[in-house]
Structures are given as C-alpha cells and as structure tokens.
Amino acid sequence: MPRIALAQCAPALGAFKRNVAMHQDWIAKARAAGASLVVFPELALTGYYLKDLAADVAAHAEGDELRPIADASRDIDVCTGFVERSEDARLHIAQGYWSRGKLVHVHRKVYLPTYGIFDDGRYFGPGDRFDVFRSGVGPAGIAICEDLWHASVPYLYSATGATVVFCPSASPGRGVAEGGDLGTAESCRLMDRFYAQYLTLFVVFANRVGHEDGIAFWGGSEVVAPDGTVVARAPDFDEHLLVAEVDPGLVARERDRNPLIRDERPELVLETLARARGVAD
Amino acid sequence: MKQSSEERLGRDERVRLTSDNESLNKERVGSIRPNPSDLSPLRIDEALVRKMLVAFLKEETAKSGHKRVVVAVSGGIDSAAVAALACEALGPRQVTALYLPYKTSSQESAEHARLVAQRFGFALTEIDITAQVDAYFAKRGEVDRVRRGNKMARERKTIEYDHAWPDGLVLGTSNKTELLLGYGTRYGDMASDLNPVGDLYKTQLRELAVLLGVPDVVVRKPPTADLWVGQTDEGELGFTYAQADLVLYHLIDRRLRPADLIAAGFDASLVNGIRERVRRSHYKRVMPVIAKVSLRTVGHDFLYPRDWEAD
C-alpha cells in the first residue's frame, strides 16, 4: 500500500541553502520510513513571513537553485514550496511536485490572504489555474493554505478528476480564548474532514511549525481519508515526520457506497454561474 | 480549572467565568454575546498557552543569537509568570532576574519577589535604585509623583539592559490590558526585546500564573505598580481589570463597537472611557514615526522580518 510522509518542519526564514539541506535530511528520513512521496509545507524552502526578503530568495521553477530538490526526487517523489520567479519576473508562492528527478507540476497560490495577520498580496502575484496532475498516489490537485479555505478550490479539483488534494500550509496558531481549542486548528480540522468526506477524496494537510517574528505555526499535519477518518495526525507545535498509508482502493469503495462525484452535475454549476454573471440566459 | 476560577478573581469581582449551561468538554456551545456579567469568553486553555509561550521564548531567544534573558521581578504576578516561563524555556541558570526597589517600595514586594525566585529556582539580584533616582531629582525640587514614577521605571530598564550585555535579551512583562490602556511608561516598563505575555489580558494571565505555580499570595494580592505608597492599578484606573478586560475583549478581539456593548447592557461611561483611553494612548504602542523623504523608508517600505536568518 502506498505510504506517504508529511514533513512537519520549521524552515529558516530567508535561508534558502540551509532549507535545501534541511529538505535533504527529511527526504532521507522519509525514504527510510518507506514512503514513496514526501510533502513539505508552504514555502518550506524559504520560510513564510518573508516581506522584502521574498525577492532575495526567489527561484525559477526549472532553475539551478532547485536542482538539488529535483535530484533528491530520483527515488522518492517530493512536493515542496518555494518563491517562484516567473519568466516575466513576477513573484509567486508556489508548490512544486518532483518525481524521478524531474519537475512534474507547479501550482501557484491563487488566494493570497491580505488581511489580519497576513500580507501575501503585498509581496506576491496570484496564480490563475487549478490543474489536476498525476501524482504518485493518484490524480491530485494542490491547494496552498488559503486556497483550501475557498470551497470552490477542492470542488474544482474533485470535479476535474482529483482523488487527492495536497494542502501545504503555513498556518499561524491563533485564538486561544473563548474556552476552546486553538481557533485556527479547529477550523482546519473541520475543513479537512468535510472536504475529504463530501468530495470523497484524500486530503493531505502538511502544516509547518516554528516561530517567525513571534507568530507560532501550529503544525497538526494530517491525512484524512475519503470516508472522513483521520488516517494519521502529527502533534501540535513540534517537528514531526508523519507517515500515513494511503489506500487507493478506499476512494473506489467510498465512491461506490456514496457516489456523490458520479452524480455531480458540473454543467449546472457552469450554467448557473453563467446566468448569474449575465453571460448566458 | 473551571470550579475555582470565580474565587481566583477574588475581591469584589462577583462575575461568572463560566456560563450556566457549559458542558465539561472543551467544545464551546452557544454563540459569544457581549454580556457584562459573563466573563467566559476570556477563558483560555492555559496548558496550550504555556506550551506556545515556552516555545516562543526558546526560539526567539536563539534566533537572534542570544543565550540568556533578563527579567525584572517586582513581586507581582505578571513578572512572576514571565520569569516562570523563562525558566521553563531556558532553564533557571539562563535567567538573570533582578529586583530593583526604591525606598518607598513595600516590604511585601521584596518578600514576594524572593518567594517567586525560591519557587522557580532562579537567582535574584537586588539593586536599590533610590540613590540614582534621588540624585537626579535632588536639584529639581518637588515633582509630580507620576513623573517620579516614570523616572523610576526608566532607571530600572537601563539596569535591565546593562545586565543583558553581552548575550541576553530583556523580557517585557506588559500584558495586553496595560498595553491597550497605555498603562505603562514608554522606554520604562513598556520597553523590551521579547514580550511573551503582551497578547494576554490580565484576567487570562492570572489563570496562566496559577497553572505555572506562581505562589497564591502573589496571585491574590491587588495589582500595583508600587511607584508610590498605597498605589493600586485598579484604584488609579477607576475600574477593575475584569471589567476592562471584558470590554477590551469585545472591542478589540471581537471587533464590536462601543454602541454594541452599551446596547448589550455595559456601562456607557466605562465603555466610552476605555475606548478613549485606547485611542489617546495609541502613540505609545507604535514605533517612533519617521518623516518619509527618501525612496525607501525604514519601517515603512523597507520591511524585513525580525527573524531574518543567515543562509
């Protein structure tokens, strides 16, 4: 049964080379644990609250800086985050997927939170596509952190063939009052479980830990199966290599029992939106 | 945690920290509404907060290349909690703790500072600031006690920074209530390199202090800056911390407007008074304002993270 690893790590802010070395360590550990894929959090190669550092640590997706990551993907697939400098010199928050020494797919974060504690839109340009690609554990889509908070994103992936959604994140842990669990943790767990169960696919949530400028990333990485069960969950706040078995047969069994995706009517979504936006009648 | 919270608030604050229908599990049921007699929204998971703050101190100290922290222990609850967190994060040997009395400081403050040191196992250095404060004011005649208090707070901070040399960071002990009300001295008690408790209201910090094991006598006494004889925070502010925290929580954390709170039964002069204090003191909470004349200004569009690391 395919085994995947989630690297719940604490990248160094703005220290690209150190983070590459850190990746090589975690990739080796994931291989030793028998995983065929290792997923890293959002911007794991650079750190998250970069501000003006974003330009300093940016890399072209096929450039030399990312060569060590491609090389490290010869025996195990690697999915990790970096600041992408596009051909026309824009900066994007990106997540790449490398396999057999080659870059297979890049997703650029579409929804850049620019409110409250977040300032993505000040430093980065938005992505504009949601493409399903062939991952080692089935057809997959990538939703970087805030992307997953928009229900349309996992929906679009499920409607266009994905059976896995990877959600690399840099989620700050906030909201300790009101007498409950950490506010952001509660929200993320609810999302993972809901999307997994109602879109009948695997949700792979890889969140980082560590502090940047006093902001604590809370970890709690998890893999949730199409039947809503939490296959594995990492502890909050501590570095951890989470290993989980992803049973591809479970997607088929769950979709046999609960054929929501088979019965979905995407053309009605298209027609309804077109009508509402005045494109059609 | 829940049963004793009401008595922990102590004194004349007869308010409920828990709502009547609260279940025993962690999940909160029922929407949060402003209610002057319901303090339950302020409740925190102390164990979770402790874990977050210990990790914060450990990481942020190391990242800037430092090994030690300096904390001025006053005998009060806030500095006791900060010292306890620092001991947990770095070990008591990496905590340089100072007790810095003035001649009017109460004997109780000294006893409590020593008690806290004993409880958490750190060494406490005592330095009397009377001579340096009095030398400065000797030629200035009678001065306002607030002015004298500000000077004392700033003298203390210069001593803390002196003891931070060469490998230490100064810890702040200002809580969220004090920061929002501007109840502190700029470059005095408000100055620090790291502040683990600045996002916790006084009421919440009290709950955390109990979990950390701060001695009961320190937790229960009326909060005071001890800048003059008989001073108490609540006497000087004109309202209790419980009252202020609840108003601030709804205004700041939940983004309600003063009118919303007044409509929900909060005292209008209390709400408006607190809102105005927050507005008037805002200049104290921001970095010095720089006149922008060049192509790129420090703090405005030259924005690098504090935790900028070497590659």
# chains A, B, ... in the order shown; residues from 1 in each chain; ligands from 1

call {"tool": "interface_residues", "arguments": {"of": "chain A", "to": "chain B", "cutoff": "8 Å", "atoms": "only C-alpha atoms", "output": "PDB file with C-alpha atoms, in the first residue's frame"}}
result
ATOM      1  CA  ALA A  12      14.716  29.016   8.498  1.00  0.00           C
ATOM      2  CA  LEU A  13      13.398  32.396   7.377  1.00  0.00           C
ATOM      3  CA  GLY A  14      15.157  33.639   4.258  1.00  0.00           C
ATOM      4  CA  ALA A  15      17.917  30.993   4.422  1.00  0.00           C
ATOM      5  CA  PHE A  16      17.414  29.071   1.171  1.00  0.00           C
ATOM      6  CA  LYS A  17      20.559  26.930   1.238  1.00  0.00           C
ATOM      7  CA  ARG A  18      20.015  25.855   4.824  1.00  0.00           C
ATOM      8  CA  TYR A  49       6.796  35.888   6.554  1.00  0.00           C
ATOM      9  CA  LEU A  50       9.472  36.975   4.092  1.00  0.00           C
ATOM     10  CA  LYS A  51       8.330  40.534   3.449  1.00  0.00           C
ATOM     11  CA  ASP A  52      11.027  42.194   1.272  1.00  0.00           C
ATOM     12  CA  LEU A  53      13.144  39.027   1.509  1.00  0.00           C
ATOM     13  CA  VAL A 176      -6.623  30.902  22.460  1.00  0.00           C
ATOM     14  CA  ALA A 177      -9.660  32.477  24.152  1.00  0.00           C
ATOM     15  CA  GLU A 178     -13.344  31.559  24.081  1.00  0.00           C
ATOM     16  CA  GLY A 179     -12.531  28.473  26.126  1.00  0.00           C
ATOM     17  CA  GLY A 180     -11.902  26.070  23.255  1.00  0.00           C
ATOM     18  CA  ASP A 181      -9.215  24.515  21.115  1.00  0.00           C
ATOM     19  CA  GLY A 210       8.269  27.073  14.497  1.00  0.00           C
ATOM     20  CA  HIS A 211       8.059  30.812  15.081  1.00  0.00           C
ATOM     21  CA  GLU A 212       8.574  33.799  12.769  1.00  0.00           C
ATOM     22  CA  ASP A 213       8.542  37.250  14.346  1.00  0.00           C
ATOM     23  CA  GLY A 214       6.517  35.933  17.272  1.00  0.00           C
ATOM     24  CA  ALA A 216       3.597  30.469  16.006  1.00  0.00           C
ATOM     25  CA  PHE A 237       3.776  22.695  17.593  1.00  0.00           C
TER      26      PHE A 237
END

call {"tool": "select_by_dssp", "arguments": {"residues": "range 96-144 of chain A", "states": "alpha helix (DSSP H)", "output": "compact mmCIF listing (two decimals) with C-alpha atoms, in the first residue's frame"}}
result
# COMPACT_ATOMS: atom_id res chain seq x y z
CA ASP A 120 0.63 37.91 0.91
CA GLY A 121 -0.93 40.30 -1.64
CA ARG A 122 1.62 42.99 -0.89
CA TYR A 123 4.55 40.80 -1.92

call {"tool": "atom_distance", "arguments": {"atom1": "CA of His112 in chain B", "atom2": "CA of Thr224 in chain B"}}
result
12.8 Å

call {"tool": "select_by_dssp", "arguments": {"residues": "range 188-224 of chain A", "states": "strand (DSSP E)", "output": "list in words"}}
result
Phe202, Val203, Val204, Phe205, Ala206, Asn207, Val209, Gly210, His211, Glu212, Ile215, Ala216, Phe217, Trp218, Glu222, Val223 and Val224 of chain A

call {"tool": "atom_distance", "arguments": {"atom1": "CA of Gly34 in chain A", "atom2": "CA of Ile142 in chain A"}}
result
23.0 Å

call {"tool": "atom_distance", "arguments": {"atom1": "CA of Lys139 in chain B", "atom2": "CA of Gly184 in chain B"}}
result
25.8 Å

call {"tool": "residues_around", "arguments": {"residues": "Arg119 in chain B", "least_positions_apart": "3", "cutoff": "9 Å", "atoms": "only C-alpha atoms", "output": "PyMOL selection string"}}
result
chain B and resi 84+114-116+122+213-215

call {"tool": "residues_around", "arguments": {"residues": "Gln95 in chain A", "least_positions_apart": "2", "cutoff": "8 Å", "atoms": "only C-alpha atoms", "output": "VMD selection string"}}
result
chain A and resid 42 to 43 79 to 82 93 97 106 to 109 142 144 168

call {"tool": "write_last_selection", "arguments": {"atoms": "N, CA and C atoms", "output": "PDB file, in the first residue's frame"}}
result
ATOM      1  N   GLU A  42       3.930  24.833   2.991  1.00  0.00           N
ATOM      2  CA  GLU A  42       4.021  26.030   2.149  1.00  0.00           C
ATOM      3  C   GLU A  42       5.365  26.743   2.376  1.00  0.00           C
ATOM      4  N   LEU A  43       5.997  27.162   1.294  1.00  0.00           N
ATOM      5  CA  LEU A  43       7.247  27.927   1.357  1.00  0.00           C
ATOM      6  C   LEU A  43       8.293  27.285   2.270  1.00  0.00           C
ATOM      7  N   CYS A  79       7.224  16.962  -2.863  1.00  0.00           N
ATOM      8  CA  CYS A  79       6.306  18.075  -3.106  1.00  0.00           C
ATOM      9  C   CYS A  79       6.648  19.161  -2.089  1.00  0.00           C
ATOM     10  N   THR A  80       7.143  20.311  -2.565  1.00  0.00           N
ATOM     11  CA  THR A  80       7.528  21.347  -1.602  1.00  0.00           C
ATOM     12  C   THR A  80       7.323  22.756  -2.152  1.00  0.00           C
ATOM     13  N   GLY A  81       7.453  23.730  -1.225  1.00  0.00           N
ATOM     14  CA  GLY A  81       7.091  25.105  -1.542  1.00  0.00           C
ATOM     15  C   GLY A  81       8.278  26.037  -1.674  1.00  0.00           C
ATOM     16  N   PHE A  82       8.173  26.978  -2.616  1.00  0.00           N
ATOM     17  CA  PHE A  82       9.250  27.941  -2.845  1.00  0.00           C
ATOM     18  C   PHE A  82       8.661  29.227  -3.392  1.00  0.00           C
ATOM     19  N   ILE A  93       3.862  32.564  -4.715  1.00  0.00           N
ATOM     20  CA  ILE A  93       4.013  31.482  -3.734  1.00  0.00           C
ATOM     21  C   ILE A  93       3.675  30.204  -4.494  1.00  0.00           C
ATOM     22  N   TYR A  97       5.988  19.774  -7.621  1.00  0.00           N
ATOM     23  CA  TYR A  97       5.955  18.319  -7.413  1.00  0.00           C
ATOM     24  C   TYR A  97       7.013  17.722  -8.316  1.00  0.00           C
ATOM     25  N   VAL A 106       3.658  22.528 -11.125  1.00  0.00           N
ATOM     26  CA  VAL A 106       3.779  23.655 -10.192  1.00  0.00           C
ATOM     27  C   VAL A 106       2.399  24.277 -10.020  1.00  0.00           C
ATOM     28  N   HIS A 107       1.996  24.471  -8.778  1.00  0.00           N
ATOM     29  CA  HIS A 107       0.782  25.243  -8.515  1.00  0.00           C
ATOM     30  C   HIS A 107       1.186  26.569  -7.899  1.00  0.00           C
ATOM     31  N   ARG A 108       0.628  27.651  -8.451  1.00  0.00           N
ATOM     32  CA  ARG A 108       0.846  28.975  -7.861  1.00  0.00           C
ATOM     33  C   ARG A 108      -0.360  29.324  -6.998  1.00  0.00           C
ATOM     34  N   LYS A 109      -0.095  29.745  -5.766  1.00  0.00           N
ATOM     35  CA  LYS A 109      -1.180  30.078  -4.826  1.00  0.00           C
ATOM     36  C   LYS A 109      -2.086  31.124  -5.465  1.00  0.00           C
ATOM     37  N   ILE A 142      -3.299  20.729  -5.989  1.00  0.00           N
ATOM     38  CA  ILE A 142      -2.624  21.372  -4.861  1.00  0.00           C
ATOM     39  C   ILE A 142      -3.383  22.641  -4.481  1.00  0.00           C
ATOM     40  N   ILE A 144      -2.743  25.633  -1.820  1.00  0.00           N
ATOM     41  CA  ILE A 144      -1.799  26.145  -0.830  1.00  0.00           C
ATOM     42  C   ILE A 144      -2.547  26.958   0.226  1.00  0.00           C
ATOM     43  N   PRO A 168      -0.421  22.087   1.343  1.00  0.00           N
ATOM     44  CA  PRO A 168       0.740  22.581   2.090  1.00  0.00           C
ATOM     45  C   PRO A 168       0.384  23.919   2.725  1.00  0.00           C
TER      46      PRO A 168
END

call {"tool": "residues_around", "arguments": {"residues": "Pro92 in chain B", "least_positions_apart": "6", "cutoff": "8 Å", "atoms": "only C-alpha atoms", "output": "list of chain:residue names"}}
result
B:Ala86, B:Phe120, B:Gly121, B:Phe122, B:Ala123

call {"tool": "residues_around", "arguments": {"residues": "Gly173 in chain A", "least_positions_apart": "2", "cutoff": "10 Å", "atoms": "only C-alpha atoms", "output": "JSON, numbers by chain"}}
result
{"A": [170, 171, 175, 176, 182, 183, 184, 185, 209, 215, 216, 217, 218, 219, 236, 237], "B": [52]}

call {"tool": "residues_around", "arguments": {"residues": "range 243-246 of chain B", "least_positions_apart": "2", "cutoff": "8 Å", "atoms": "only C-alpha atoms", "output": "list of chain:residue names"}}
result
B:Pro36, B:Leu39, B:Leu42, B:Thr177, B:Tyr201, B:Lys202, B:Thr203, B:Phe239, B:Thr240, B:Tyr241, B:Leu248, B:Tyr249, B:His250, B:Ile274

call {"tool": "write_last_selection", "arguments": {"atoms": "N, CA and C atoms", "output": "mmCIF file, in the first residue's frame"}}
result
data_model
loop_
_atom_site.group_PDB
_atom_site.id
_atom_site.type_symbol
_atom_site.label_atom_id
_atom_site.label_comp_id
_atom_site.auth_asym_id
_atom_site.auth_seq_id
_atom_site.Cartn_x
_atom_site.Cartn_y
_atom_site.Cartn_z
ATOM 1 N N PRO B 36 -22.230 41.886 30.263
ATOM 2 C CA PRO B 36 -21.345 42.422 31.309
ATOM 3 C C PRO B 36 -21.098 41.441 32.449
ATOM 4 N N LEU B 39 -17.955 36.466 31.911
ATOM 5 C CA LEU B 39 -16.519 36.560 31.596
ATOM 6 C C LEU B 39 -16.009 35.327 30.839
ATOM 7 N N LEU B 42 -13.343 35.084 27.950
ATOM 8 C CA LEU B 42 -11.925 35.360 28.223
ATOM 9 C C LEU B 42 -11.152 34.106 28.608
ATOM 10 N N THR B 177 -3.843 44.141 28.583
ATOM 11 C CA THR B 177 -4.678 45.183 29.190
ATOM 12 C C THR B 177 -3.874 46.471 29.354
ATOM 13 N N TYR B 201 -4.770 39.188 28.246
ATOM 14 C CA TYR B 201 -5.362 40.133 29.185
ATOM 15 C C TYR B 201 -4.979 39.736 30.614
ATOM 16 N N LYS B 202 -5.045 40.728 31.509
ATOM 17 C CA LYS B 202 -4.680 40.489 32.906
ATOM 18 C C LYS B 202 -5.422 39.286 33.486
ATOM 19 N N THR B 203 -6.718 39.213 33.212
ATOM 20 C CA THR B 203 -7.525 38.103 33.732
ATOM 21 C C THR B 203 -6.991 36.759 33.238
ATOM 22 N N PHE B 239 -11.435 51.422 37.434
ATOM 23 C CA PHE B 239 -12.285 50.260 37.159
ATOM 24 C C PHE B 239 -11.454 49.009 37.433
ATOM 25 N N THR B 240 -12.114 47.861 37.494
ATOM 26 C CA THR B 240 -11.375 46.625 37.775
ATOM 27 C C THR B 240 -10.838 46.035 36.468
ATOM 28 N N TYR B 241 -9.815 45.193 36.616
ATOM 29 C CA TYR B 241 -9.272 44.518 35.443
ATOM 30 C C TYR B 241 -10.325 43.637 34.779
ATOM 31 N N LEU B 248 -12.522 45.348 26.641
ATOM 32 C CA LEU B 248 -11.467 45.325 25.619
ATOM 33 C C LEU B 248 -11.605 44.099 24.724
ATOM 34 N N TYR B 249 -11.915 42.957 25.321
ATOM 35 C CA TYR B 249 -12.069 41.733 24.532
ATOM 36 C C TYR B 249 -13.120 41.923 23.435
ATOM 37 N N HIS B 250 -14.264 42.479 23.810
ATOM 38 C CA HIS B 250 -15.322 42.631 22.805
ATOM 39 C C HIS B 250 -14.978 43.716 21.784
ATOM 40 N N ILE B 274 -12.944 53.663 28.351
ATOM 41 C CA ILE B 274 -11.896 52.714 27.955
ATOM 42 C C ILE B 274 -11.533 52.920 26.479
#

call {"tool": "closest_atom_pairs", "arguments": {"of": "range 50-160 of chain B", "to": "range 167-173 of chain B", "cutoff": "10 Å", "atoms": "only C-alpha atoms", "output": "JSON lines"}}
result
{"residue": "B:Leu57", "atom": "CA", "partner": "B:Leu171", "partner_atom": "CA", "distance": 9.2}
{"residue": "B:Glu60", "atom": "CA", "partner": "B:Leu169", "partner_atom": "CA", "distance": 9.8}
{"residue": "B:Thr61", "atom": "CA", "partner": "B:Leu169", "partner_atom": "CA", "distance": 7.1}
{"residue": "B:Ser64", "atom": "CA", "partner": "B:Leu169", "partner_atom": "CA", "distance": 9.1}
{"residue": "B:Gly65", "atom": "CA", "partner": "B:Asp167", "partner_atom": "CA", "distance": 7.8}
{"residue": "B:His66", "atom": "CA", "partner": "B:Asp167", "partner_atom": "CA", "distance": 5.1}
{"residue": "B:Lys67", "atom": "CA", "partner": "B:Asp167", "partner_atom": "CA", "distance": 5.8}
{"residue": "B:Arg68", "atom": "CA", "partner": "B:Gly168", "partner_atom": "CA", "distance": 4.3}
{"residue": "B:Val69", "atom": "CA", "partner": "B:Leu169", "partner_atom": "CA", "distance": 4.7}
{"residue": "B:Val70", "atom": "CA", "partner": "B:Val170", "partner_atom": "CA", "distance": 4.7}
{"residue": "B:Val71", "atom": "CA", "partner": "B:Leu171", "partner_atom": "CA", "distance": 5.4}
{"residue": "B:Ala72", "atom": "CA", "partner": "B:Leu171", "partner_atom": "CA", "distance": 8.1}
{"residue": "B:Val73", "atom": "CA", "partner": "B:Thr173", "partner_atom": "CA", "distance": 9.3}
{"residue": "B:Ile77", "atom": "CA", "partner": "B:Thr173", "partner_atom": "CA", "distance": 9.6}
{"residue": "B:Asp78", "atom": "CA", "partner": "B:Thr173", "partner_atom": "CA", "distance": 5.9}
{"residue": "B:Ser79", "atom": "CA", "partner": "B:Thr173", "partner_atom": "CA", "distance": 5.6}
{"residue": "B:Ala80", "atom": "CA", "partner": "B:Thr173", "partner_atom": "CA", "distance": 9.0}
{"residue": "B:Ala81", "atom": "CA", "partner": "B:Thr173", "partner_atom": "CA", "distance": 8.6}
{"residue": "B:Val82", "atom": "CA", "partner": "B:Thr173", "partner_atom": "CA", "distance": 6.5}
{"residue": "B:Ala83", "atom": "CA", "partner": "B:Leu171", "partner_atom": "CA", "distance": 8.8}
{"residue": "B:Ala86", "atom": "CA", "partner": "B:Leu171", "partner_atom": "CA", "distance": 8.8}
{"residue": "B:Gln94", "atom": "CA", "partner": "B:Gly168", "partner_atom": "CA", "distance": 8.7}
{"residue": "B:Val95", "atom": "CA", "partner": "B:Gly168", "partner_atom": "CA", "distance": 8.9}
{"residue": "B:Thr96", "atom": "CA", "partner": "B:Gly168", "partner_atom": "CA", "distance": 8.5}
{"residue": "B:Lys157", "atom": "CA", "partner": "B:Val170", "partner_atom": "CA", "distance": 8.8}
{"residue": "B:Glu160", "atom": "CA", "partner": "B:Val170", "partner_atom": "CA", "distance": 6.7}

call {"tool": "write_last_selection", "arguments": {"atoms": "C-alpha atoms", "output": "PDB file, in the first residue's frame"}}
result
ATOM      1  CA  LEU B  57      10.880  32.248  24.297  1.00  0.00           C
ATOM      2  CA  GLU B  60      13.097  33.822  19.555  1.00  0.00           C
ATOM      3  CA  THR B  61      15.996  33.996  22.013  1.00  0.00           C
ATOM      4  CA  SER B  64      18.715  36.478  17.413  1.00  0.00           C
ATOM      5  CA  GLY B  65      21.871  34.748  18.668  1.00  0.00           C
ATOM      6  CA  HIS B  66      21.241  35.155  22.397  1.00  0.00           C
ATOM      7  CA  LYS B  67      21.532  32.696  25.266  1.00  0.00           C
ATOM      8  CA  ARG B  68      20.080  34.416  28.322  1.00  0.00           C
ATOM      9  CA  VAL B  69      17.127  36.534  29.239  1.00  0.00           C
ATOM     10  CA  VAL B  70      16.828  39.317  31.784  1.00  0.00           C
ATOM     11  CA  VAL B  71      13.636  39.869  33.705  1.00  0.00           C
ATOM     12  CA  ALA B  72      12.857  42.391  36.416  1.00  0.00           C
ATOM     13  CA  VAL B  73      10.863  40.626  39.103  1.00  0.00           C
ATOM     14  CA  ILE B  77       2.015  38.360  39.193  1.00  0.00           C
ATOM     15  CA  ASP B  78       2.988  39.406  35.643  1.00  0.00           C
ATOM     16  CA  SER B  79       6.753  39.351  36.151  1.00  0.00           C
ATOM     17  CA  ALA B  80       6.408  36.143  38.199  1.00  0.00           C
ATOM     18  CA  ALA B  81       4.646  34.450  35.285  1.00  0.00           C
ATOM     19  CA  VAL B  82       7.242  35.727  32.786  1.00  0.00           C
ATOM     20  CA  ALA B  83      10.117  34.520  34.997  1.00  0.00           C
ATOM     21  CA  ALA B  86      11.648  31.843  31.031  1.00  0.00           C
ATOM     22  CA  GLN B  94      19.914  31.310  31.843  1.00  0.00           C
ATOM     23  CA  VAL B  95      17.506  33.675  33.590  1.00  0.00           C
ATOM     24  CA  THR B  96      19.041  36.833  35.043  1.00  0.00           C
ATOM     25  CA  LYS B 157      15.068  49.478  32.430  1.00  0.00           C
ATOM     26  CA  GLU B 160      17.992  45.543  32.939  1.00  0.00           C
TER      27      GLU B 160
END
